[in-house]
file entry-v1.pdb (PDB, C-alpha atoms and all ligand atoms)
ATOM      1  CA  MET A   1     -33.627 -32.557   4.738
ATOM      2  CA  ILE A   2     -36.032 -34.565   2.585
ATOM      3  CA  ASP A   3     -34.827 -37.991   1.452
ATOM      4  CA  LYS A   4     -37.378 -38.250  -1.377
ATOM      5  CA  TRP A   5     -36.452 -37.556  -4.988
ATOM      6  CA  PHE A   6     -37.837 -34.574  -6.824
ATOM      7  CA  VAL A   7     -38.458 -35.167 -10.534
ATOM      8  CA  ILE A   8     -38.534 -32.260 -12.995
ATOM      9  CA  ILE A   9     -40.052 -33.008 -16.405
ATOM     10  CA  ASN A  10     -39.848 -30.673 -19.393
ATOM     11  CA  PRO A  11     -42.896 -31.821 -21.382
ATOM     12  CA  THR A  12     -41.686 -30.026 -24.531
ATOM     13  CA  SER A  13     -38.249 -31.646 -24.728
ATOM     14  CA  GLY A  14     -37.488 -34.120 -27.487
ATOM     15  CA  ASN A  15     -40.358 -32.563 -29.448
ATOM     16  CA  GLY A  16     -42.880 -33.596 -26.776
ATOM     17  CA  THR A  17     -41.514 -37.128 -26.185
ATOM     18  CA  SER A  18     -41.041 -36.397 -22.449
ATOM     19  CA  LYS A  19     -44.742 -35.738 -22.020
ATOM     20  CA  LYS A  20     -45.676 -38.902 -23.916
ATOM     21  CA  GLN A  21     -43.230 -41.106 -22.002
ATOM     22  CA  TRP A  22     -43.973 -39.705 -18.539
ATOM     23  CA  PRO A  23     -46.737 -42.232 -17.626
ATOM     24  CA  LEU A  24     -44.310 -45.098 -18.413
ATOM     25  CA  ILE A  25     -41.486 -43.448 -16.485
ATOM     26  CA  PHE A  26     -43.806 -42.733 -13.548
ATOM     27  CA  ASN A  27     -44.771 -46.429 -13.392
ATOM     28  CA  GLU A  28     -41.161 -47.589 -13.647
ATOM     29  CA  LEU A  29     -40.084 -45.239 -10.823
ATOM     30  CA  LYS A  30     -42.909 -46.647  -8.667
ATOM     31  CA  ASN A  31     -41.979 -50.247  -9.622
ATOM     32  CA  GLN A  32     -38.383 -49.542  -8.651
ATOM     33  CA  GLN A  33     -39.544 -48.274  -5.211
ATOM     34  CA  PHE A  34     -38.521 -44.656  -5.743
ATOM     35  CA  GLU A  35     -40.169 -42.264  -3.324
ATOM     36  CA  PHE A  36     -40.666 -39.050  -5.232
ATOM     37  CA  GLU A  37     -42.602 -35.921  -5.967
ATOM     38  CA  PHE A  38     -42.672 -34.362  -9.416
ATOM     39  CA  SER A  39     -43.503 -31.286 -11.404
ATOM     40  CA  PHE A  40     -43.758 -30.386 -15.098
ATOM     41  CA  THR A  41     -42.106 -27.221 -16.322
ATOM     42  CA  GLU A  42     -44.753 -24.810 -17.568
ATOM     43  CA  TYR A  43     -42.672 -22.256 -19.436
ATOM     44  CA  GLU A  44     -39.104 -21.629 -20.626
ATOM     45  CA  LYS A  45     -36.504 -21.716 -17.827
ATOM     46  CA  HIS A  46     -39.183 -22.751 -15.294
ATOM     47  CA  SER A  47     -36.837 -25.497 -14.059
ATOM     48  CA  ILE A  48     -34.576 -22.770 -12.582
ATOM     49  CA  LYS A  49     -37.385 -21.648 -10.281
ATOM     50  CA  LEU A  50     -38.603 -25.207  -9.624
ATOM     51  CA  ILE A  51     -35.239 -26.477  -8.461
ATOM     52  CA  GLN A  52     -34.624 -23.429  -6.277
ATOM     53  CA  LYS A  53     -38.035 -23.782  -4.639
ATOM     54  CA  THR A  54     -37.591 -27.498  -3.968
ATOM     55  CA  ILE A  55     -34.028 -27.066  -2.663
ATOM     56  CA  ASN A  56     -35.387 -24.458  -0.249
ATOM     57  CA  GLU A  57     -37.997 -27.029   0.834
ATOM     58  CA  GLY A  58     -35.175 -29.458   1.675
ATOM     59  CA  PHE A  59     -34.917 -31.732  -1.381
ATOM     60  CA  LYS A  60     -31.378 -32.885  -2.235
ATOM     61  CA  LYS A  61     -31.895 -35.586  -4.881
ATOM     62  CA  PHE A  62     -33.219 -34.640  -8.286
ATOM     63  CA  ILE A  63     -34.123 -36.373 -11.523
ATOM     64  CA  CYS A  64     -34.108 -34.304 -14.692
ATOM     65  CA  ILE A  65     -36.299 -35.536 -17.543
ATOM     66  CA  GLY A  66     -35.489 -33.556 -20.650
ATOM     67  CA  GLY A  67     -32.645 -32.538 -22.895
ATOM     68  CA  ASP A  68     -29.516 -30.441 -22.531
ATOM     69  CA  GLY A  69     -31.512 -27.221 -22.082
ATOM     70  CA  THR A  70     -33.468 -28.582 -19.120
ATOM     71  CA  LEU A  71     -30.296 -29.820 -17.424
ATOM     72  CA  HIS A  72     -28.598 -26.472 -18.138
ATOM     73  CA  ASN A  73     -31.461 -24.623 -16.416
ATOM     74  CA  ILE A  74     -31.340 -26.974 -13.423
ATOM     75  CA  VAL A  75     -27.573 -26.426 -13.107
ATOM     76  CA  ASN A  76     -28.125 -22.660 -13.268
ATOM     77  CA  GLY A  77     -30.873 -22.827 -10.651
ATOM     78  CA  ILE A  78     -28.592 -24.671  -8.237
ATOM     79  CA  LEU A  79     -25.434 -22.622  -8.753
ATOM     80  CA  SER A  80     -27.148 -19.274  -8.505
ATOM     81  CA  LEU A  81     -28.423 -20.160  -5.029
ATOM     82  CA  ASN A  82     -25.599 -18.895  -2.822
ATOM     83  CA  SER A  83     -26.866 -20.036   0.515
ATOM     84  CA  ILE A  84     -26.888 -23.825   0.126
ATOM     85  CA  ASN A  85     -24.426 -26.594   0.535
ATOM     86  CA  ILE A  86     -24.139 -27.604  -3.118
ATOM     87  CA  SER A  87     -22.036 -30.675  -2.342
ATOM     88  CA  GLU A  88     -25.123 -32.406  -0.837
ATOM     89  CA  ILE A  89     -27.098 -32.130  -4.069
ATOM     90  CA  LYS A  90     -27.210 -34.997  -6.577
ATOM     91  CA  ILE A  91     -28.694 -34.947 -10.067
ATOM     92  CA  GLY A  92     -29.774 -37.991 -12.067
ATOM     93  CA  ILE A  93     -30.865 -37.728 -15.692
ATOM     94  CA  ILE A  94     -33.397 -39.508 -17.870
ATOM     95  CA  PRO A  95     -32.382 -38.105 -21.258
ATOM     96  CA  ILE A  96     -35.287 -37.149 -23.480
ATOM     97  CA  GLY A  97     -34.045 -34.275 -25.595
ATOM     98  CA  THR A  98     -33.130 -33.595 -29.186
ATOM     99  CA  GLY A  99     -29.333 -33.428 -28.985
ATOM    100  CA  ASN A 100     -28.855 -35.191 -25.598
ATOM    101  CA  ASP A 101     -25.187 -34.259 -25.768
ATOM    102  CA  TRP A 102     -24.194 -34.084 -22.088
ATOM    103  CA  VAL A 103     -25.265 -37.679 -21.354
ATOM    104  CA  LYS A 104     -23.076 -39.033 -24.178
ATOM    105  CA  THR A 105     -19.858 -38.282 -22.267
ATOM    106  CA  TYR A 106     -21.051 -40.506 -19.406
ATOM    107  CA  HIS A 107     -22.788 -43.152 -21.551
ATOM    108  CA  ILE A 108     -26.166 -42.586 -19.901
ATOM    109  CA  PRO A 109     -28.576 -44.535 -22.131
ATOM    110  CA  LYS A 110     -31.705 -43.026 -23.695
ATOM    111  CA  ASP A 111     -33.718 -46.103 -22.666
ATOM    112  CA  TYR A 112     -35.631 -44.782 -19.639
ATOM    113  CA  LYS A 113     -35.589 -48.128 -17.799
ATOM    114  CA  LYS A 114     -31.783 -48.315 -18.052
ATOM    115  CA  ALA A 115     -31.457 -44.649 -17.053
ATOM    116  CA  ILE A 116     -33.620 -45.305 -13.979
ATOM    117  CA  GLU A 117     -31.502 -48.332 -13.050
ATOM    118  CA  ILE A 118     -28.409 -46.099 -13.123
ATOM    119  CA  ILE A 119     -30.107 -43.511 -10.899
ATOM    120  CA  LYS A 120     -31.135 -46.265  -8.498
ATOM    121  CA  ASN A 121     -27.472 -47.350  -8.184
ATOM    122  CA  LYS A 122     -26.613 -43.778  -7.082
ATOM    123  CA  TYR A 123     -22.998 -43.908  -8.278
ATOM    124  CA  SER A 124     -21.952 -40.297  -8.677
ATOM    125  CA  VAL A 125     -19.139 -38.083  -9.971
ATOM    126  CA  LYS A 126     -18.252 -34.474  -9.334
ATOM    127  CA  GLN A 127     -17.910 -32.379 -12.463
ATOM    128  CA  ASP A 128     -16.404 -28.990 -13.329
ATOM    129  CA  ILE A 129     -18.848 -26.210 -14.147
ATOM    130  CA  GLY A 130     -18.179 -23.164 -16.346
ATOM    131  CA  LYS A 131     -19.147 -19.679 -15.211
ATOM    132  CA  ILE A 132     -19.771 -16.986 -17.837
ATOM    133  CA  THR A 133     -20.051 -13.317 -16.920
ATOM    134  CA  LEU A 134     -21.612 -11.188 -19.651
ATOM    135  CA  GLU A 135     -20.096  -7.715 -19.440
ATOM    136  CA  THR A 136     -22.969  -5.648 -20.877
ATOM    137  CA  LEU A 137     -25.793  -7.270 -18.904
ATOM    138  CA  LYS A 138     -23.597  -7.989 -15.839
ATOM    139  CA  THR A 139     -25.256 -11.400 -15.618
ATOM    140  CA  THR A 140     -23.774 -14.766 -14.716
ATOM    141  CA  ILE A 141     -24.640 -17.973 -16.531
ATOM    142  CA  TYR A 142     -23.312 -21.433 -15.711
ATOM    143  CA  PHE A 143     -22.764 -24.325 -18.109
ATOM    144  CA  ASN A 144     -22.137 -28.026 -17.643
ATOM    145  CA  ASN A 145     -21.338 -29.166 -21.181
ATOM    146  CA  LEU A 146     -19.979 -26.661 -23.696
ATOM    147  CA  ALA A 147     -20.260 -22.955 -24.437
ATOM    148  CA  GLY A 148     -19.195 -21.023 -27.484
ATOM    149  CA  ILE A 149     -19.251 -17.776 -29.362
ATOM    150  CA  GLY A 150     -19.652 -17.383 -33.090
ATOM    151  CA  PHE A 151     -21.042 -19.770 -35.612
ATOM    152  CA  ASP A 152     -22.261 -22.346 -33.062
ATOM    153  CA  GLY A 153     -24.337 -19.655 -31.284
ATOM    154  CA  TYR A 154     -25.678 -18.549 -34.656
ATOM    155  CA  VAL A 155     -26.727 -22.137 -35.361
ATOM    156  CA  VAL A 156     -28.419 -22.450 -31.946
ATOM    157  CA  ASN A 157     -30.382 -19.355 -32.936
ATOM    158  CA  LYS A 158     -31.641 -21.189 -36.032
ATOM    159  CA  VAL A 159     -31.871 -24.784 -34.817
ATOM    160  CA  HIS A 160     -35.388 -24.563 -33.351
ATOM    161  CA  ASN A 161     -36.594 -24.580 -36.981
ATOM    162  CA  TYR A 162     -35.164 -28.075 -37.400
ATOM    163  CA  LYS A 163     -35.853 -29.770 -34.022
ATOM    164  CA  ASN A 164     -38.252 -32.192 -35.696
ATOM    165  CA  LEU A 165     -35.199 -33.679 -37.459
ATOM    166  CA  GLY A 166     -33.907 -35.091 -34.150
ATOM    167  CA  PHE A 167     -30.130 -35.437 -33.888
ATOM    168  CA  LEU A 168     -29.748 -34.139 -37.465
ATOM    169  CA  ALA A 169     -31.255 -30.796 -36.380
ATOM    170  CA  TYR A 170     -27.867 -29.269 -35.459
ATOM    171  CA  LEU A 171     -26.081 -30.477 -38.578
ATOM    172  CA  THR A 172     -28.896 -29.199 -40.794
ATOM    173  CA  GLY A 173     -28.898 -25.862 -38.919
ATOM    174  CA  ALA A 174     -25.123 -25.599 -39.420
ATOM    175  CA  LEU A 175     -25.195 -26.297 -43.130
ATOM    176  CA  VAL A 176     -28.084 -23.880 -43.724
ATOM    177  CA  SER A 177     -26.358 -21.132 -41.666
ATOM    178  CA  LEU A 178     -22.906 -21.248 -43.264
ATOM    179  CA  THR A 179     -23.642 -18.911 -46.147
ATOM    180  CA  SER A 180     -25.343 -16.176 -44.080
ATOM    181  CA  TYR A 181     -23.021 -16.069 -41.031
ATOM    182  CA  LYS A 182     -20.653 -13.096 -40.642
ATOM    183  CA  LYS A 183     -17.422 -13.580 -38.651
ATOM    184  CA  PRO A 184     -16.796 -11.047 -35.852
ATOM    185  CA  LEU A 185     -13.344  -9.708 -34.947
ATOM    186  CA  LEU A 186     -12.572 -11.046 -31.463
ATOM    187  CA  GLU A 187      -9.788 -10.588 -28.937
ATOM    188  CA  ILE A 188      -9.434 -13.801 -26.943
ATOM    189  CA  SER A 189      -7.079 -13.667 -23.932
ATOM    190  CA  PHE A 190      -6.040 -16.521 -21.659
ATOM    191  CA  ASP A 191      -2.880 -17.380 -19.726
ATOM    192  CA  ASN A 192      -0.083 -15.698 -21.731
ATOM    193  CA  THR A 193      -1.902 -15.819 -25.065
ATOM    194  CA  ILE A 194      -3.825 -13.098 -26.900
ATOM    195  CA  ILE A 195      -5.534 -13.963 -30.187
ATOM    196  CA  LYS A 196      -6.931 -11.095 -32.250
ATOM    197  CA  SER A 197      -8.750 -12.464 -35.267
ATOM    198  CA  LYS A 198     -11.875 -12.731 -37.357
ATOM    199  CA  THR A 199     -13.420 -15.820 -35.791
ATOM    200  CA  LEU A 200     -15.702 -18.474 -37.152
ATOM    201  CA  MET A 201     -16.129 -19.889 -33.659
ATOM    202  CA  LEU A 202     -14.560 -20.347 -30.271
ATOM    203  CA  LEU A 203     -15.680 -23.431 -28.347
ATOM    204  CA  ILE A 204     -15.203 -23.758 -24.599
ATOM    205  CA  GLY A 205     -15.771 -27.362 -23.626
ATOM    206  CA  LEU A 206     -16.118 -29.328 -20.409
ATOM    207  CA  CYS A 207     -17.585 -32.538 -21.825
ATOM    208  CA  LYS A 208     -16.989 -34.265 -25.133
ATOM    209  CA  PHE A 209     -20.083 -33.843 -27.296
ATOM    210  CA  SER A 210     -22.146 -30.972 -28.673
ATOM    211  CA  GLY A 211     -24.321 -30.153 -31.667
ATOM    212  CA  GLY A 212     -26.093 -33.528 -31.629
ATOM    213  CA  GLY A 213     -23.106 -35.832 -31.155
ATOM    214  CA  MET A 214     -20.287 -33.809 -32.718
ATOM    215  CA  GLN A 215     -16.856 -33.858 -31.059
ATOM    216  CA  LEU A 216     -15.407 -30.398 -31.592
ATOM    217  CA  THR A 217     -12.959 -30.147 -28.680
ATOM    218  CA  LYS A 218      -9.887 -32.282 -28.127
ATOM    219  CA  ASN A 219      -9.354 -34.549 -25.071
ATOM    220  CA  ALA A 220     -12.238 -33.052 -23.097
ATOM    221  CA  ASN A 221     -12.162 -34.109 -19.459
ATOM    222  CA  PRO A 222     -15.073 -32.909 -17.309
ATOM    223  CA  ALA A 223     -13.147 -33.045 -14.046
ATOM    224  CA  ASP A 224      -9.606 -31.792 -14.770
ATOM    225  CA  GLY A 225     -10.242 -28.169 -13.779
ATOM    226  CA  LEU A 226      -9.593 -26.979 -17.339
ATOM    227  CA  PHE A 227     -11.657 -25.971 -20.345
ATOM    228  CA  ASP A 228     -10.892 -27.599 -23.668
ATOM    229  CA  ILE A 229     -10.772 -24.818 -26.213
ATOM    230  CA  SER A 230     -11.148 -25.079 -29.974
ATOM    231  CA  PHE A 231     -10.492 -21.908 -31.915
ATOM    232  CA  ILE A 232     -11.550 -21.912 -35.559
ATOM    233  CA  LYS A 233     -10.683 -18.865 -37.641
ATOM    234  CA  ASN A 234     -12.327 -19.974 -40.767
ATOM    235  CA  ILE A 235     -13.689 -23.073 -42.402
ATOM    236  CA  SER A 236     -15.653 -23.204 -45.638
ATOM    237  CA  LEU A 237     -18.823 -25.114 -46.404
ATOM    238  CA  PHE A 238     -16.678 -27.172 -48.767
ATOM    239  CA  ASN A 239     -14.263 -27.975 -45.917
ATOM    240  CA  ILE A 240     -17.094 -28.947 -43.554
ATOM    241  CA  LEU A 241     -18.730 -31.235 -46.098
ATOM    242  CA  GLY A 242     -15.339 -32.822 -46.789
ATOM    243  CA  ASN A 243     -14.818 -33.408 -43.065
ATOM    244  CA  LEU A 244     -18.314 -34.521 -42.091
ATOM    245  CA  PRO A 245     -17.219 -37.765 -40.354
ATOM    246  CA  GLY A 246     -14.487 -35.767 -38.585
ATOM    247  CA  LEU A 247     -17.111 -33.574 -36.906
ATOM    248  CA  PHE A 248     -18.589 -36.639 -35.220
ATOM    249  CA  ASN A 249     -15.479 -38.727 -34.512
ATOM    250  CA  GLY A 250     -13.379 -35.834 -33.174
ATOM    251  CA  LYS A 251     -10.789 -35.876 -35.988
ATOM    252  CA  ILE A 252     -11.843 -32.340 -36.950
ATOM    253  CA  THR A 253      -9.841 -31.104 -33.916
ATOM    254  CA  ASN A 254      -6.661 -32.205 -35.738
ATOM    255  CA  HIS A 255      -7.531 -30.151 -38.825
ATOM    256  CA  LYS A 256      -4.995 -27.423 -39.618
ATOM    257  CA  LEU A 257      -7.722 -24.760 -39.338
ATOM    258  CA  VAL A 258      -8.539 -25.757 -35.733
ATOM    259  CA  THR A 259      -6.312 -24.756 -32.803
ATOM    260  CA  ASN A 260      -6.721 -26.439 -29.406
ATOM    261  CA  TYR A 261      -5.866 -25.079 -25.965
ATOM    262  CA  LYS A 262      -6.504 -25.891 -22.313
ATOM    263  CA  THR A 263      -7.106 -23.160 -19.764
ATOM    264  CA  SER A 264      -9.252 -22.301 -16.742
ATOM    265  CA  TYR A 265     -10.009 -18.641 -17.513
ATOM    266  CA  LEU A 266     -10.699 -16.687 -20.725
ATOM    267  CA  LYS A 267     -11.625 -13.140 -21.575
ATOM    268  CA  ILE A 268     -13.373 -12.400 -24.866
ATOM    269  CA  LYS A 269     -13.768  -8.915 -26.345
ATOM    270  CA  VAL A 270     -15.713  -8.111 -29.493
ATOM    271  CA  LEU A 271     -13.701  -5.578 -31.523
ATOM    272  CA  ASP A 272     -16.202  -4.755 -34.269
ATOM    273  CA  THR A 273     -19.931  -4.154 -34.610
ATOM    274  CA  ILE A 274     -20.903  -7.524 -36.100
ATOM    275  CA  GLU A 275     -23.580  -9.169 -33.953
ATOM    276  CA  THR A 276     -22.228 -12.036 -31.832
ATOM    277  CA  TYR A 277     -24.079 -15.078 -30.527
ATOM    278  CA  ILE A 278     -23.002 -16.753 -27.299
ATOM    279  CA  GLN A 279     -24.446 -20.167 -26.481
ATOM    280  CA  ALA A 280     -24.153 -22.256 -23.333
ATOM    281  CA  ASP A 281     -25.216 -25.920 -23.484
ATOM    282  CA  GLY A 282     -27.164 -25.172 -26.659
ATOM    283  CA  GLU A 283     -29.089 -22.240 -25.148
ATOM    284  CA  LEU A 284     -28.549 -18.756 -26.598
ATOM    285  CA  ILE A 285     -27.492 -16.537 -23.673
ATOM    286  CA  GLY A 286     -26.447 -13.160 -25.104
ATOM    287  CA  SER A 287     -23.816 -11.273 -27.029
ATOM    288  CA  GLY A 288     -20.809  -8.996 -26.585
ATOM    289  CA  ASP A 289     -17.801  -9.161 -24.242
ATOM    290  CA  PHE A 290     -17.598 -11.864 -21.588
ATOM    291  CA  THR A 291     -15.304 -13.792 -19.261
ATOM    292  CA  VAL A 292     -15.353 -17.515 -18.538
ATOM    293  CA  SER A 293     -13.954 -19.210 -15.455
ATOM    294  CA  ILE A 294     -14.077 -22.755 -14.169
ATOM    295  CA  LEU A 295     -15.574 -24.001 -10.897
ATOM    296  CA  PRO A 296     -13.649 -27.236 -10.313
ATOM    297  CA  LYS A 297     -15.775 -30.274  -9.428
ATOM    298  CA  ALA A 298     -18.657 -28.018  -8.436
ATOM    299  CA  LEU A 299     -21.636 -30.324  -8.968
ATOM    300  CA  THR A 300     -22.503 -33.997  -8.415
ATOM    301  CA  PHE A 301     -24.170 -36.083 -11.128
ATOM    302  CA  ILE A 302     -25.379 -39.679 -10.965
ATOM    303  CA  VAL A 303     -23.776 -41.641 -13.797
ATOM    304  CA  PRO A 304     -23.087 -45.275 -14.737
ATOM    305  CA  LYS A 305     -20.225 -46.872 -12.832
ATOM    306  CA  LYS A 306     -17.261 -47.422 -15.195
TER     307      LYS A 306
HETATM  308  N1  LIG A 401     -43.380 -25.884 -20.586
HETATM  309  C1  LIG A 401     -42.503 -25.348 -21.430
HETATM  310  N2  LIG A 401     -42.908 -24.664 -22.534
HETATM  311  C2  LIG A 401     -42.007 -24.160 -23.411
HETATM  312  N3  LIG A 401     -40.663 -24.288 -23.283
HETATM  313  C3  LIG A 401     -40.206 -24.956 -22.223
HETATM  314  C4  LIG A 401     -41.093 -25.527 -21.246
HETATM  315  N4  LIG A 401     -40.339 -26.134 -20.308
HETATM  316  C5  LIG A 401     -39.048 -25.950 -20.662
HETATM  317  N5  LIG A 401     -38.967 -25.251 -21.807
HETATM  318  C6  LIG A 401     -37.761 -24.890 -22.579
HETATM  319  O1  LIG A 401     -37.507 -25.941 -23.499
HETATM  320  C7  LIG A 401     -36.196 -25.731 -24.006
HETATM  321  C8  LIG A 401     -35.626 -26.978 -24.623
HETATM  322  O2  LIG A 401     -35.492 -27.988 -23.677
HETATM  323  P1  LIG A 401     -34.424 -29.148 -23.826
HETATM  324  O3  LIG A 401     -33.134 -28.586 -24.289
HETATM  325  O4  LIG A 401     -34.408 -29.913 -22.570
HETATM  326  O5  LIG A 401     -35.024 -30.075 -24.976
HETATM  327  P2  LIG A 401     -34.506 -30.274 -26.452
HETATM  328  O6  LIG A 401     -34.263 -28.940 -27.078
HETATM  329  O7  LIG A 401     -35.480 -31.192 -27.124
HETATM  330  O8  LIG A 401     -33.153 -31.102 -26.261
HETATM  331  P3  LIG A 401     -31.557 -30.785 -26.523
HETATM  332  O9  LIG A 401     -31.212 -29.501 -25.832
HETATM  333  O10 LIG A 401     -30.876 -31.969 -25.893
HETATM  334  O11 LIG A 401     -31.373 -30.698 -28.000
HETATM  335  C9  LIG A 401     -35.413 -25.167 -22.835
HETATM  336  O12 LIG A 401     -34.798 -23.969 -23.283
HETATM  337  C10 LIG A 401     -36.467 -24.843 -21.775
HETATM  338  O13 LIG A 401     -36.303 -23.531 -21.198
END
call {"tool": "encode", "arguments": {"input": "entry-v1.pdb", "output": "structure tokens"}}
result
Amino acid sequence: MIDKWFVIINPTSGNGTSKKQWPLIFNELKNQQFEFEFSFTEYEKHSIKLIQKTINEGFKKFICIGGDGTLHNIVNGILSLNSINISEIKIGIIPIGTGNDWVKTYHIPKDYKKAIEIIKNKYSVKQDIGKITLETLKTTIYFNNLAGIGFDGYVVNKVHNYKNLGFLAYLTGALVSLTSYKKPLLEISFDNTIIKSKTLMLLIGLCKFSGGGMQLTKNANPADGLFDISFIKNISLFNILGNLPGLFNGKITNHKLVTNYKTSYLKIKVLDTIETYIQADGELIGSGDFTVSILPKALTFIVPKK
């Protein structure tokens, strides 16, 4: 086992801010007596390979410098390695992304010096992880923040056009997408419930925030062994504009058009031919039928002490 940290930097995250800030972060890590090695990601999803390689070399402590997509890839790299003792692995985060949604649940600050101080303190929590199995591709994808099918996936598909708008990128993407999106007919089964309906979106949450700070699931708790589900049949552009603050302060989950559930397993079937978009942690992962199950307290993250 190697006691040094391994730092993974996505130089493209936050519209290139990671790359610009790296020399400052490097110096701060040295000043704070961190012993570490590091690597930049060189292409999409490279952090999956990087983390697997470094785990195989014996590293157990990681620092992720990037946004939600980089963390998502790191989580996927770890969980798809079957042969390791995952409980020994710890992940700290210096958030430099566009949305930076996962860190908001834990109040990890964007200021890199404060984020490094938190990592140095090494206080950690175990968090639930979601596991998605896509039926057509027979692939498994893990998520640590929130997944969804429908309009939110459609927005993720468009949002790269607006990343230069920072945290407003997701809201802008959503407003621009509302007129062109077509609702698929879904069958959503969990526990003793079956919902068959045209669906604007189905959100499957572990943590509280998504879409650049929006709160679209109710009472999300990342370690209760349950997903927080929001099912939205329909909502008009007019309704969204009228409820704009509610998207960010969580009040939207009380809207009569939003239904909330808690469960640990769901099965989703697409009953028509309308194209579907499934997103996990803001990354588009596929389409079609899928199942989602929870892995209780599967991964350890370094967070501020409450
Ligand atoms: N060297 C690279 N070149 C191109 N893309 C990369 C590279 N390294 C990583 N990526 C991809 O960059 C994407 C975006 O990264 P990330 O989500 O961390 O930043 P962001 O989009 O700015 O932030 P957020 O997800 O918080 O909005 C990820 O899907 C990842 O696969």
call {"tool": "resolve_selection", "arguments": {"input": "entry-v1.pdb", "expression": "the PyMOL selection byres (((chain A and resi 37) around 7) and not hetatm)", "output": "list in words"}}
result
Trp5, Phe6, Val7, Phe36 and Phe38 of chain A
call {"tool": "residues_around", "arguments": {"input": "entry-v1.pdb", "residues": "Thr291 in chain A", "least_positions_apart": "2", "cutoff": "9 Å", "atoms": "only C-alpha atoms", "output": "MDAnalysis selection string"}}
result
chainID A and resid 131:135 265:269 289 293
call {"tool": "residues_around", "arguments": {"input": "entry-v1.pdb", "residues": "Ser87 in chain A", "least_positions_apart": "4", "cutoff": "12 Å", "atoms": "all atoms listed in the file", "output": "list in words"}}
result
Lys60, Lys61, Ile78, Leu79, Ile91, Ser124, Val125, Lys126, Gln127, Lys297, Ala298, Leu299, Thr300 and Phe301 of chain A
call {"tool": "closest_atom_pairs", "arguments": {"input": "entry-v1.pdb", "of": "range 133-186 of chain A", "to": "range 95-116 of chain A", "cutoff": "12 Å", "atoms": "all atoms listed in the file", "output": "tab-separated table"}}
result
residue	atom	partner	partner_atom	distance
A:Phe143	CA	A:Trp102	CA	10.6
A:Asn144	CA	A:Trp102	CA	7.8
A:Asn145	CA	A:Trp102	CA	5.8
A:Leu146	CA	A:Trp102	CA	8.7
A:Val156	CA	A:Gly99	CA	11.4
A:Val159	CA	A:Thr98	CA	10.5
A:His160	CA	A:Thr98	CA	10.2
A:Tyr162	CA	A:Thr98	CA	10.1
A:Lys163	CA	A:Thr98	CA	6.7
A:Asn164	CA	A:Thr98	CA	8.4
A:Leu165	CA	A:Thr98	CA	8.5
A:Gly166	CA	A:Thr98	CA	5.2
A:Phe167	CA	A:Gly99	CA	5.4
A:Leu168	CA	A:Gly99	CA	8.5
A:Ala169	CA	A:Thr98	CA	7.9
A:Tyr170	CA	A:Gly99	CA	7.8
A:Leu171	CA	A:Gly99	CA	10.6
call {"tool": "residues_near_point", "arguments": {"input": "entry-v1.pdb", "point": "(-5.7, -37.4, -26.3)", "cutoff": "12 Å", "atoms": "only C-alpha atoms", "output": "mmCIF file with C-alpha atoms, in the coordinates of the input"}}
result
data_model
loop_
_atom_site.group_PDB
_atom_site.id
_atom_site.type_symbol
_atom_site.label_atom_id
_atom_site.label_comp_id
_atom_site.auth_asym_id
_atom_site.auth_seq_id
_atom_site.Cartn_x
_atom_site.Cartn_y
_atom_site.Cartn_z
ATOM 1 C CA LYS A 208 -16.989 -34.265 -25.133
ATOM 2 C CA THR A 217 -12.959 -30.147 -28.680
ATOM 3 C CA LYS A 218 -9.887 -32.282 -28.127
ATOM 4 C CA ASN A 219 -9.354 -34.549 -25.071
ATOM 5 C CA ALA A 220 -12.238 -33.052 -23.097
ATOM 6 C CA ASN A 221 -12.162 -34.109 -19.459
ATOM 7 C CA ASP A 228 -10.892 -27.599 -23.668
ATOM 8 C CA GLY A 250 -13.379 -35.834 -33.174
ATOM 9 C CA LYS A 251 -10.789 -35.876 -35.988
ATOM 10 C CA THR A 253 -9.841 -31.104 -33.916
ATOM 11 C CA ASN A 254 -6.661 -32.205 -35.738
ATOM 12 C CA ASN A 260 -6.721 -26.439 -29.406
#
call {"tool": "residues_near_ligand", "arguments": {"input": "entry-v1.pdb", "ligand": "ligand LIG 401 (chain A)", "cutoff": "9 Å", "atoms": "all atoms listed in the file", "output": "number ranges by chain"}}
result
A: 9-18, 40-48, 65-73, 95-102, 160, 163, 166-167, 169-170, 211-212, 281-284
call {"tool": "resolve_selection", "arguments": {"input": "entry-v1.pdb", "expression": "the PyMOL selection byres (((chain A and resi 225) around 9) and not hetatm)", "output": "compact mmCIF listing (two decimals) with C-alpha atoms, in the coordinates of the input"}}
result
# COMPACT_ATOMS: atom_id res chain seq x y z
CA GLN A 127 -17.91 -32.38 -12.46
CA ASP A 128 -16.40 -28.99 -13.33
CA ILE A 129 -18.85 -26.21 -14.15
CA LEU A 206 -16.12 -29.33 -20.41
CA ASN A 221 -12.16 -34.11 -19.46
CA PRO A 222 -15.07 -32.91 -17.31
CA ALA A 223 -13.15 -33.04 -14.05
CA ASP A 224 -9.61 -31.79 -14.77
CA LEU A 226 -9.59 -26.98 -17.34
CA PHE A 227 -11.66 -25.97 -20.34
CA THR A 263 -7.11 -23.16 -19.76
CA SER A 264 -9.25 -22.30 -16.74
CA ILE A 294 -14.08 -22.76 -14.17
CA LEU A 295 -15.57 -24.00 -10.90
CA PRO A 296 -13.65 -27.24 -10.31
CA LYS A 297 -15.78 -30.27 -9.43
call {"tool": "atom_distance", "arguments": {"input": "entry-v1.pdb", "atom1": "CA of Leu186 in chain A", "atom2": "CA of Phe151 in chain A"}}
result
12.8 Å
call {"tool": "resolve_selection", "arguments": {"input": "entry-v1.pdb", "expression": "the PyMOL selection byres (((chain A and resi 272) around 12) and not hetatm)", "output": "NGL selection string"}}
result
:A and (182-187 or 196-199 or 269-271 or 273-276 or 288-289)
